[in-house]
$ cat model26.txt   # compact mmCIF, C-alpha atoms
# COMPACT_ATOMS: atom_id res chain seq x y z
CA MET Q 1 116.30 92.34 112.74
CA LYS Q 2 114.45 95.54 111.84
CA LYS Q 3 115.53 95.21 108.21
CA LEU Q 4 113.16 92.29 107.78
CA PHE Q 5 110.20 94.67 107.66
CA CYS Q 6 111.33 96.10 104.31
CA SER Q 7 109.43 94.18 101.62
CA CYS Q 8 106.20 92.60 100.55
CA LEU Q 9 103.48 91.65 102.95
CA ILE Q 10 101.21 88.69 103.07
CA ILE Q 11 99.10 88.46 106.19
CA VAL Q 12 97.01 85.37 106.87
CA PHE Q 13 94.49 84.95 109.68
CA PHE Q 14 92.85 81.68 110.74
CA THR Q 15 89.57 80.91 112.44
CA SER Q 16 88.16 77.87 114.13
CA ILE Q 17 87.73 74.64 112.20
CA SER Q 18 83.96 75.00 112.25
CA ALA Q 19 84.20 78.33 110.42
CA GLN Q 20 86.54 76.87 107.82
CA GLN Q 21 83.69 74.79 106.37
CA SER Q 22 82.44 77.85 104.46
CA ILE Q 23 85.77 78.92 102.93
CA TYR Q 24 85.66 79.82 99.25
CA PHE Q 25 88.44 78.54 96.96
CA PRO Q 26 88.83 80.34 93.60
CA GLU Q 27 89.23 78.30 90.43
CA ARG Q 28 92.33 78.75 88.27
CA ASN Q 29 92.10 81.91 86.11
CA ALA Q 30 88.69 82.72 87.61
CA THR Q 31 87.66 86.18 88.67
CA TRP Q 32 87.97 86.14 92.45
CA GLU Q 33 84.47 86.13 93.94
CA ALA Q 34 83.83 89.28 95.92
CA LYS Q 35 81.44 89.97 98.77
CA SER Q 36 80.49 93.13 100.56
CA PRO Q 37 82.27 93.71 103.89
CA LYS Q 38 78.78 94.12 105.35
CA ASP Q 39 78.12 90.43 104.64
CA PHE Q 40 80.68 89.66 107.33
CA LYS Q 41 79.77 92.55 109.65
CA ILE Q 42 83.00 94.33 108.71
CA ASP Q 43 82.91 98.11 109.00
CA GLU Q 44 83.27 99.23 105.39
CA ASN Q 45 84.52 102.73 106.19
CA SER Q 46 87.26 101.45 108.51
CA LEU Q 47 88.31 98.88 105.93
CA GLN Q 48 88.52 101.53 103.25
CA GLN Q 49 90.64 103.68 105.56
CA ALA Q 50 93.09 100.79 105.88
CA VAL Q 51 93.23 100.41 102.10
CA GLN Q 52 93.74 104.14 101.62
CA PHE Q 53 96.50 104.10 104.23
CA ALA Q 54 98.30 101.30 102.36
CA MET Q 55 98.10 103.21 99.08
CA GLU Q 56 99.34 106.47 100.61
CA ASN Q 57 102.28 104.93 102.47
CA GLU Q 58 104.36 103.28 99.77
CA TYR Q 59 107.74 101.82 100.66
CA SER Q 60 110.24 104.67 100.31
CA GLY Q 61 113.02 102.59 98.73
CA SER Q 62 113.77 102.84 95.02
CA ARG Q 63 111.45 101.04 92.61
CA ASP Q 64 114.66 99.90 90.95
CA LEU Q 65 115.28 97.04 93.35
CA ARG Q 66 118.93 96.70 92.39
CA ILE Q 67 119.46 100.13 93.92
CA ALA Q 68 117.29 99.28 96.95
CA ILE Q 69 119.14 96.01 97.58
CA LEU Q 70 122.63 97.50 97.37
CA LYS Q 71 121.65 100.39 99.63
CA GLY Q 72 119.82 98.18 102.11
CA PHE Q 73 122.77 95.85 102.63
CA GLU Q 74 125.69 98.21 102.09
CA ARG Q 75 127.21 97.31 105.48
CA GLU Q 76 127.91 93.75 104.37
CA PRO Q 77 131.46 93.08 103.14
CA PHE Q 78 131.68 91.52 99.66
CA HIS Q 79 127.92 91.92 99.10
CA GLU Q 80 126.85 91.96 95.46
CA ILE Q 81 123.82 91.07 93.36
CA SER Q 82 124.24 87.50 92.13
CA GLY Q 83 120.70 86.63 90.99
CA PRO Q 84 117.84 88.10 88.96
CA THR Q 85 116.04 91.26 90.09
CA LYS Q 86 113.02 93.14 88.74
CA LYS Q 87 111.81 96.71 89.06
CA ARG Q 88 108.81 96.70 91.36
CA GLY Q 89 105.34 98.12 91.01
CA GLY Q 90 103.39 100.33 93.36
CA PRO Q 91 101.36 99.41 96.44
CA ALA Q 92 98.96 96.53 95.90
CA GLY Q 93 96.98 94.16 98.05
CA MET Q 94 93.95 92.01 98.71
CA ILE Q 95 91.86 91.38 101.81
CA LEU Q 96 89.95 88.11 101.97
CA LYS Q 97 87.33 87.00 104.46
CA ASN Q 98 86.46 83.29 104.38
CA GLY Q 99 88.29 83.29 101.05
CA TYR Q 100 86.02 85.94 99.53
CA LEU Q 101 87.47 89.23 98.32
CA VAL Q 102 86.28 92.15 100.45
CA ALA Q 103 88.89 94.72 99.35
CA SER Q 104 91.72 95.11 96.83
CA TRP Q 105 94.02 97.83 95.53
CA GLY Q 106 96.77 98.25 92.95
CA ASP Q 107 97.76 95.76 90.26
CA VAL Q 108 97.21 92.37 91.89
CA LYS Q 109 98.30 90.48 88.77
CA ARG Q 110 101.71 92.14 88.52
CA VAL Q 111 104.64 89.81 89.26
CA ASP Q 112 107.14 91.26 91.76
CA MET Q 113 109.96 90.03 93.95
CA THR Q 114 108.94 88.84 97.43
CA PHE Q 115 112.40 88.67 99.07
CA SER Q 116 112.25 86.75 102.38
CA VAL Q 117 108.59 85.85 101.98
CA THR Q 118 110.28 83.12 99.92
CA LYS Q 119 111.53 81.59 103.17
CA SER Q 120 108.04 80.48 104.14
CA PHE Q 121 107.63 78.81 100.74
CA LEU Q 122 110.97 77.08 101.35
CA SER Q 123 109.74 75.94 104.78
CA THR Q 124 106.72 74.45 103.03
CA VAL Q 125 108.94 72.49 100.62
CA ALA Q 126 110.70 71.06 103.69
CA GLY Q 127 107.31 70.15 105.11
CA LEU Q 128 106.39 68.35 101.90
CA ALA Q 129 109.62 66.34 102.20
CA VAL Q 130 108.69 65.33 105.75
CA ASP Q 131 105.13 64.47 104.70
CA GLU Q 132 106.52 62.30 101.88
CA GLY Q 133 108.95 60.54 104.20
CA LEU Q 134 112.00 61.86 102.34
CA ILE Q 135 113.12 63.34 105.65
CA LYS Q 136 112.33 60.98 108.53
CA ASP Q 137 112.50 63.59 111.27
CA VAL Q 138 113.59 67.22 111.54
CA SER Q 139 115.84 66.20 114.45
CA ASP Q 140 117.96 64.12 112.04
CA GLU Q 141 121.41 65.51 111.38
CA VAL Q 142 121.53 66.90 107.84
CA SER Q 143 124.84 65.07 107.24
CA GLN Q 144 122.81 61.82 107.15
CA TYR Q 145 121.21 63.10 103.92
CA VAL Q 146 123.85 65.45 102.47
CA TRP Q 147 127.29 63.85 102.63
CA ASP Q 148 129.25 65.99 100.15
CA GLY Q 149 131.25 67.81 102.82
CA SER Q 150 128.79 70.64 103.43
CA PHE Q 151 128.21 69.35 106.96
CA ASP Q 152 131.66 68.02 107.81
CA GLY Q 153 133.57 69.14 110.89
CA GLU Q 154 132.97 69.08 114.62
CA HIS Q 155 130.49 71.98 114.53
CA ASN Q 156 128.65 71.58 111.23
CA SER Q 157 128.13 67.84 111.75
CA LYS Q 158 125.86 68.60 114.73
CA ILE Q 159 123.39 70.59 112.65
CA ASN Q 160 119.96 69.06 112.07
CA TRP Q 161 117.05 70.09 109.82
CA GLU Q 162 115.28 71.95 112.60
CA HIS Q 163 118.35 74.10 113.25
CA LEU Q 164 118.33 75.22 109.61
CA LEU Q 165 114.56 75.81 109.64
CA GLN Q 166 114.74 77.90 112.81
CA GLN Q 167 117.88 79.78 111.69
CA ASN Q 168 119.86 78.80 114.78
CA SER Q 169 122.42 76.41 113.26
CA ASP Q 170 125.36 78.87 113.16
CA TRP Q 171 126.64 76.84 110.20
CA SER Q 172 130.11 78.00 109.22
CA GLY Q 173 131.29 78.03 105.63
CA THR Q 174 130.90 79.45 102.13
CA LEU Q 175 128.11 78.70 99.66
CA TRP Q 176 127.86 80.07 96.11
CA GLY Q 177 130.54 82.60 97.05
CA GLY Q 178 128.62 83.85 100.08
CA LYS Q 179 130.40 83.69 103.43
CA ASP Q 180 128.23 82.96 106.45
CA TRP Q 181 130.03 85.50 108.67
CA ALA Q 182 129.69 88.31 106.12
CA ASP Q 183 125.89 88.05 105.91
CA ARG Q 184 124.29 90.68 108.18
CA PRO Q 185 127.34 91.03 110.43
CA PRO Q 186 127.07 92.58 113.93
CA ARG Q 187 127.41 96.34 114.20
CA GLU Q 188 130.40 95.85 116.47
CA GLY Q 189 133.83 94.64 115.38
CA GLY Q 190 135.44 94.16 111.98
CA LEU Q 191 136.30 91.45 109.47
CA ASP Q 192 138.60 89.45 111.75
CA ASP Q 193 136.14 89.62 114.65
CA TRP Q 194 133.33 88.31 112.47
CA LYS Q 195 135.39 85.69 110.65
CA PHE Q 196 137.05 84.21 113.73
CA ARG Q 197 134.13 84.45 116.13
CA LYS Q 198 133.32 81.67 118.58
CA LEU Q 199 130.58 79.51 117.05
CA ASN Q 200 127.33 79.09 118.94
CA GLU Q 201 126.13 75.59 119.75
CA PRO Q 202 123.46 74.65 117.15
CA GLY Q 203 119.98 75.35 118.47
CA THR Q 204 120.98 78.00 121.00
CA VAL Q 205 121.12 81.35 119.15
CA MET Q 206 118.85 82.55 116.33
CA GLU Q 207 120.61 84.59 113.63
CA TYR Q 208 118.89 85.74 110.43
CA ASN Q 209 121.29 84.63 107.70
CA ASP Q 210 120.60 84.11 103.98
CA VAL Q 211 123.69 82.00 103.35
CA ARG Q 212 122.42 79.38 105.77
CA VAL Q 213 118.88 79.58 104.39
CA ASN Q 214 120.33 79.02 100.91
CA LEU Q 215 122.16 76.02 102.38
CA LEU Q 216 118.77 74.64 103.45
CA ALA Q 217 117.50 75.09 99.90
CA TYR Q 218 120.59 73.31 98.56
CA SER Q 219 120.16 70.46 101.05
CA LEU Q 220 116.48 70.04 100.16
CA THR Q 221 117.44 69.95 96.48
CA GLN Q 222 119.69 66.99 97.29
CA VAL Q 223 116.85 65.26 99.15
CA TRP Q 224 114.20 65.84 96.46
CA ARG Q 225 116.77 65.16 93.69
CA LYS Q 226 115.15 67.76 91.46
CA SER Q 227 114.62 71.51 91.42
CA LEU Q 228 112.60 72.97 94.26
CA PRO Q 229 110.48 75.16 91.91
CA ALA Q 230 109.34 71.93 90.22
CA VAL Q 231 108.54 70.40 93.62
CA LEU Q 232 106.55 73.46 94.69
CA LYS Q 233 104.73 73.65 91.35
CA GLU Q 234 103.74 69.98 91.16
CA ASN Q 235 102.85 69.42 94.79
CA LEU Q 236 101.25 72.72 95.71
CA MET Q 237 101.00 75.69 93.35
CA ASP Q 238 99.26 73.84 90.51
CA LYS Q 239 96.84 72.28 92.97
CA ILE Q 240 95.79 75.61 94.44
CA GLY Q 241 95.19 77.00 90.95
CA ALA Q 242 98.13 79.42 90.93
CA SER Q 243 98.92 81.21 87.68
CA THR Q 244 101.78 80.24 85.40
CA THR Q 245 103.57 83.56 85.99
CA TRP Q 246 105.40 82.91 89.30
CA ARG Q 247 109.11 82.01 89.24
CA TRP Q 248 111.72 80.88 91.78
CA PHE Q 249 115.33 81.86 91.00
CA GLY Q 250 118.80 81.13 92.33
CA TYR Q 251 122.15 82.82 91.89
CA GLU Q 252 123.93 82.72 88.54
CA ASN Q 253 126.56 80.26 89.79
CA ALA Q 254 124.26 78.14 91.99
CA TRP Q 255 124.31 74.94 89.98
CA THR Q 256 124.59 71.39 91.30
CA VAL Q 257 124.49 68.02 89.55
CA ILE Q 258 121.62 65.67 90.44
CA ASP Q 259 121.59 62.23 88.79
CA GLY Q 260 123.82 63.51 86.01
CA VAL Q 261 121.68 66.60 85.31
CA GLU Q 262 122.58 70.19 86.23
CA VAL Q 263 119.97 71.66 88.57
CA LYS Q 264 119.71 75.25 89.81
CA SER Q 265 119.74 75.57 93.60
CA VAL Q 266 117.33 78.41 94.46
CA THR Q 267 117.59 81.06 97.16
CA GLY Q 268 115.44 81.64 100.22
CA GLY Q 269 115.13 85.35 99.50
CA GLY Q 270 116.21 88.25 97.28
CA HIS Q 271 119.00 89.50 99.53
CA SER Q 272 121.42 89.20 96.58
CA GLY Q 273 118.77 88.78 93.91
CA GLY Q 274 116.69 85.70 93.20
CA GLY Q 275 113.94 84.22 95.34
CA ILE Q 276 110.27 83.92 94.40
CA PHE Q 277 108.75 86.41 91.96
CA ILE Q 278 104.96 86.22 92.18
CA ASN Q 279 101.75 88.21 91.85
CA THR Q 280 99.45 89.23 94.68
CA GLU Q 281 96.66 86.81 93.75
CA ASP Q 282 98.98 83.81 93.87
CA MET Q 283 100.27 84.98 97.24
CA ALA Q 284 96.66 85.13 98.43
CA ARG Q 285 96.10 81.55 97.25
CA PHE Q 286 99.12 80.42 99.24
CA GLY Q 287 97.74 82.23 102.28
CA LEU Q 288 94.31 80.70 101.76
CA LEU Q 289 95.83 77.21 101.81
CA PHE Q 290 97.33 77.91 105.23
CA LEU Q 291 94.07 79.52 106.34
CA ASN Q 292 92.46 76.12 105.77
CA GLU Q 293 95.23 74.26 107.65
CA GLY Q 294 96.87 72.83 104.52
CA LYS Q 295 93.75 71.67 102.71
CA TRP Q 296 92.43 72.92 99.37
CA LYS Q 297 88.87 71.90 98.58
CA GLY Q 298 89.17 68.97 100.96
CA GLU Q 299 92.51 67.68 99.63
CA GLU Q 300 95.40 67.83 102.08
CA LEU Q 301 98.39 69.37 100.31
CA ILE Q 302 100.56 70.06 103.36
CA SER Q 303 99.84 68.34 106.64
CA LYS Q 304 98.24 70.09 109.59
CA SER Q 305 100.92 68.52 111.78
CA TRP Q 306 103.65 70.23 109.75
CA ILE Q 307 101.91 73.61 110.01
CA SER Q 308 101.72 73.10 113.77
CA LYS Q 309 105.45 72.36 113.96
CA ALA Q 310 106.33 75.23 111.64
CA THR Q 311 104.45 77.68 113.86
CA THR Q 312 105.79 76.46 117.21
CA PRO Q 313 108.14 78.97 118.91
CA SER Q 314 111.81 78.01 118.90
CA LYS Q 315 113.74 78.08 122.17
CA PRO Q 316 116.24 80.79 121.08
CA ASN Q 317 113.52 83.07 119.70
CA PRO Q 318 109.86 82.76 120.75
CA ASN Q 319 108.88 84.92 117.78
CA TYR Q 320 110.28 82.49 115.20
CA GLY Q 321 109.28 79.02 114.01
CA TYR Q 322 110.27 77.20 110.81
CA LEU Q 323 110.99 80.25 108.62
CA TRP Q 324 107.71 81.82 109.79
CA TRP Q 325 107.53 84.75 112.21
CA LEU Q 326 105.21 84.26 115.20
CA ASN Q 327 103.12 86.71 117.22
CA SER Q 328 103.79 84.86 120.48
CA GLN Q 329 104.96 86.92 123.43
CA GLY Q 330 108.34 88.47 122.65
CA GLU Q 331 110.00 91.49 121.07
CA ARG Q 332 107.90 91.23 117.89
CA HIS Q 333 104.53 90.68 119.53
CA MET Q 334 101.78 92.72 117.86
CA GLU Q 335 99.32 94.02 120.44
CA GLY Q 336 95.68 93.54 119.60
CA TRP Q 337 96.25 90.31 117.70
CA SER Q 338 96.18 86.72 118.89
CA ASP Q 339 99.35 84.94 119.99
CA SER Q 340 98.50 82.33 117.34
CA LEU Q 341 99.12 84.80 114.50
CA PHE Q 342 102.09 83.93 112.28
CA TYR Q 343 103.52 85.57 109.21
CA ALA Q 344 106.13 85.63 106.46
CA ALA Q 345 108.18 88.80 106.02
CA GLY Q 346 110.59 90.12 103.42
CA PHE Q 347 112.73 93.12 102.43
CA GLY Q 348 110.84 96.10 101.02
CA GLY Q 349 107.44 95.61 102.68
CA ASN Q 350 105.93 92.11 102.01
CA PHE Q 351 104.48 89.81 104.76
CA ILE Q 352 102.26 86.69 105.43
CA MET Q 353 100.49 86.49 108.84
CA VAL Q 354 98.11 83.88 110.35
CA ASP Q 355 95.61 84.24 113.23
CA GLN Q 356 93.00 81.59 114.08
CA GLU Q 357 90.72 84.16 115.63
CA HIS Q 358 89.89 85.66 112.19
CA ASP Q 359 88.99 84.05 108.87
CA LEU Q 360 91.12 86.66 107.16
CA VAL Q 361 93.84 86.77 104.54
CA VAL Q 362 95.52 90.09 103.84
CA VAL Q 363 98.12 90.52 101.12
CA THR Q 364 99.76 93.92 100.99
CA ARG Q 365 102.80 94.83 98.91
CA TRP Q 366 105.23 97.74 99.07
CA LEU Q 367 103.82 99.30 102.22
CA GLU Q 368 106.39 101.39 104.13
CA PRO Q 369 107.61 98.82 106.68
CA ASN Q 370 107.48 101.07 109.71
CA LYS Q 371 103.81 101.72 108.93
CA ILE Q 372 102.74 98.07 109.13
CA GLY Q 373 101.62 98.39 112.75
CA GLU Q 374 99.36 101.32 111.94
CA PHE Q 375 97.95 99.50 108.96
CA MET Q 376 97.18 96.42 111.05
CA SER Q 377 95.47 98.58 113.66
CA LEU Q 378 93.22 100.02 110.97
CA VAL Q 379 92.38 96.53 109.74
CA ALA Q 380 91.58 95.50 113.30
CA GLU Q 381 89.21 98.45 113.70
CA ALA Q 382 87.19 97.19 110.74
CA PHE Q 383 86.38 94.05 112.72

$ encode --input "model26.txt" --output "structure tokens"
Amino acid sequence: MKKLFCSCLIIVFFTSISAQQSIYFPERNATWEAKSPKDFKIDENSLQQAVQFAMENEYSGSRDLRIAILKGFEREPFHEISGPTKKRGGPAGMILKNGYLVASWGDVKRVDMTFSVTKSFLSTVAGLAVDEGLIKDVSDEVSQYVWDGSFDGEHNSKINWEHLLQQNSDWSGTLWGGKDWADRPPREGGLDDWKFRKLNEPGTVMEYNDVRVNLLAYSLTQVWRKSLPAVLKENLMDKIGASTTWRWFGYENAWTVIDGVEVKSVTGGGHSGGGIFINTEDMARFGLLFLNEGKWKGEELISKSWISKATTPSKPNPNYGYLWWLNSQGERHMEGWSDSLFYAAGFGGNFIMVDQEHDLVVVTRWLEPNKIGEFMSLVAEAF
């Protein structure tokens, strides 16, 4: 579980609905409007200390992310890089208050990998499918929608959409060459122990597993009947004024046929390459959308009801919702921040967090993961 704090960081904080009336939304390609921290009674010196801390505590892994990936997951049998990668930049970030820029550092227009931050984008694509009625209910068994054998068998046939979204399905199988049991195996035992383990009843045990997240992406591709990057672009990213530079990749062999056309099935992270490659400003836009409960300039792009479901604690893990981490009481609770805070997290030091007690969006990239708590404490001091 600790490995999850190894990537990019997007942190999003929410306030009350009344405060959201004054949120600023940047136009496409516009210079982000800045305001002085003093305009929001933010201590400028404390805020600058947080920024300086982020710049001085860069993630210690190699900037050549192929090296970082292989080293970070060297315990996994058969692990290899199967999708695109990109050498990363240095520390970068933005801090927004009510949508206005109050601090920034590094190259915020540089496109970098986001690793498992991608999972929260994938969750959002699932939410769009529910909002559109393509998925009637997350309690529906996935086999009702995907009948190609992926969910055959006594165990896999029980799995519903919520199980996949909460990472507690314990789906068993192989996808794009990846074996479910070989992804982040336990520290105890060996190949036979992992391969022939007793399966957990779906919905009872949370296990972070990219193969199963990639299965969710594949299943959603079947439901949408087109590529998920196109779905995300048309329904959300274009509407929030995102740049044209972000990309969402899958593995080299991850092709499926939809209506006679080959379509790439994307990944939910960069564990073996792939996932969403994006700049800091576009990440901030995504955070700002969630800050405003799914609305952008008054237009609802993702429903408030979906965001509520996505940020509701799961029974097996109170710190996890629908591919979003939660600050509710549990092992990952961050002291000093509201229980309503939620966030996306990925390998190498990238995150997205949400707290309704603050009208704040913080995007920080390539911060040493074990320093995130200190950084957040410094941000808190500024308020």

$ atom_distance --input "model26.txt" --atom1 "atom CA of Phe342 of chain Q" --atom2 "atom CA of Trp306 of chain Q"
14.0 Å

$ atom_distance --input "model26.txt" --atom1 "atom CA of Glu262 of chain Q" --atom2 "atom CA of Tyr218 of chain Q"
12.9 Å

$ closest_residue --input "model26.txt" --among "Q:Thr174, Q:Asn98, Q:Ser62, Q:Ser265" --to "Lys35 of chain Q" --atoms "all atoms listed in the file"
Q:Asn98

$ residues_near_point --input "model26.txt" --point "(125.9, 85.4, 92.8)" --cutoff "8 Å" --atoms "all atoms listed in the file" --output "list in words"
Glu80, Ile81, Ser82, Gly83, Trp176, Gly177, Gly178, Tyr251, Glu252, Asn253, Ala254, Ser272 and Gly273 of chain Q

$ residues_near_point --input "model26.txt" --point "(103.1, 74.2, 114.3)" --cutoff "12 Å" --atoms "all atoms listed in the file" --output "PyMOL selection string"
chain Q and resi 123-124+127+290+293-294+302-314+320-326+340-342+354

$ closest_residue --input "model26.txt" --among "Q:Thr245, Q:Ala380, Q:Gly349, Q:Val130" --to "Glu368 of chain Q" --atoms "only C-alpha atoms"
Q:Gly349

$ decode --input "model26.txt" --residues "segment 293-352 of chain Q" --atoms "C-alpha atoms" --output "CSV table (one decimal), in the first residue's frame"
chain,number,residue,atom,x,y,z
Q,293,GLU,CA,-19.1,19.4,-7.5
Q,294,GLY,CA,-19.0,18.4,-11.1
Q,295,LYS,CA,-20.1,21.7,-12.6
Q,296,TRP,CA,-18.1,24.0,-14.9
Q,297,LYS,CA,-19.5,27.5,-15.3
Q,298,GLY,CA,-22.9,26.3,-14.4
Q,299,GLU,CA,-23.0,23.2,-16.7
Q,300,GLU,CA,-23.1,19.9,-15.0
Q,301,LEU,CA,-20.4,17.6,-16.6
Q,302,ILE,CA,-20.4,14.8,-14.0
Q,303,SER,CA,-23.3,14.5,-11.5
Q,304,LYS,CA,-23.0,15.5,-7.9
Q,305,SER,CA,-24.6,12.2,-7.0
Q,306,TRP,CA,-21.8,10.3,-8.7
Q,307,ILE,CA,-19.2,12.3,-6.9
Q,308,SER,CA,-21.0,11.4,-3.6
Q,309,LYS,CA,-20.9,7.7,-4.4
Q,310,ALA,CA,-17.3,7.8,-5.6
Q,311,THR,CA,-16.2,9.3,-2.3
Q,312,THR,CA,-18.2,7.1,0.0
Q,313,PRO,CA,-16.0,4.7,2.0
Q,314,SER,CA,-16.2,1.0,1.0
Q,315,LYS,CA,-16.8,-1.6,3.6
Q,316,PRO,CA,-13.5,-3.4,3.1
Q,317,ASN,CA,-11.5,-0.2,3.3
Q,318,PRO,CA,-12.9,3.0,4.8
Q,319,ASN,CA,-10.0,5.0,3.1
Q,320,TYR,CA,-11.1,4.0,-0.4
Q,321,GLY,CA,-14.1,4.8,-2.6
Q,322,TYR,CA,-14.4,4.5,-6.4
Q,323,LEU,CA,-10.8,4.7,-7.3
Q,324,TRP,CA,-10.4,7.7,-5.0
Q,325,TRP,CA,-8.6,7.7,-1.7
Q,326,LEU,CA,-10.5,9.1,1.3
Q,327,ASN,CA,-9.4,10.8,4.4
Q,328,SER,CA,-12.1,9.2,6.5
Q,329,GLN,CA,-11.0,7.5,9.8
Q,330,GLY,CA,-8.6,4.7,9.0
Q,331,GLU,CA,-4.9,3.8,8.4
Q,332,ARG,CA,-4.5,6.6,5.8
Q,333,HIS,CA,-6.3,9.4,7.8
Q,334,MET,CA,-4.4,12.7,7.6
Q,335,GLU,CA,-4.6,14.5,10.9
Q,336,GLY,CA,-5.5,18.2,10.6
Q,337,TRP,CA,-7.7,17.7,7.6
Q,338,SER,CA,-11.4,17.1,7.3
Q,339,ASP,CA,-12.7,13.5,7.0
Q,340,SER,CA,-14.4,14.7,3.8
Q,341,LEU,CA,-11.0,15.1,2.0
Q,342,PHE,CA,-10.5,12.8,-0.9
Q,343,TYR,CA,-7.6,12.4,-3.3
Q,344,ALA,CA,-6.1,10.6,-6.3
Q,345,ALA,CA,-2.6,9.1,-5.9
Q,346,GLY,CA,0.0,7.6,-8.2
Q,347,PHE,CA,3.5,6.1,-8.3
Q,348,GLY,CA,6.4,8.7,-8.1
Q,349,GLY,CA,4.6,11.4,-6.1
Q,350,ASN,CA,1.4,12.7,-7.8
Q,351,PHE,CA,-2.0,13.1,-5.9
Q,352,ILE,CA,-5.5,14.7,-6.1
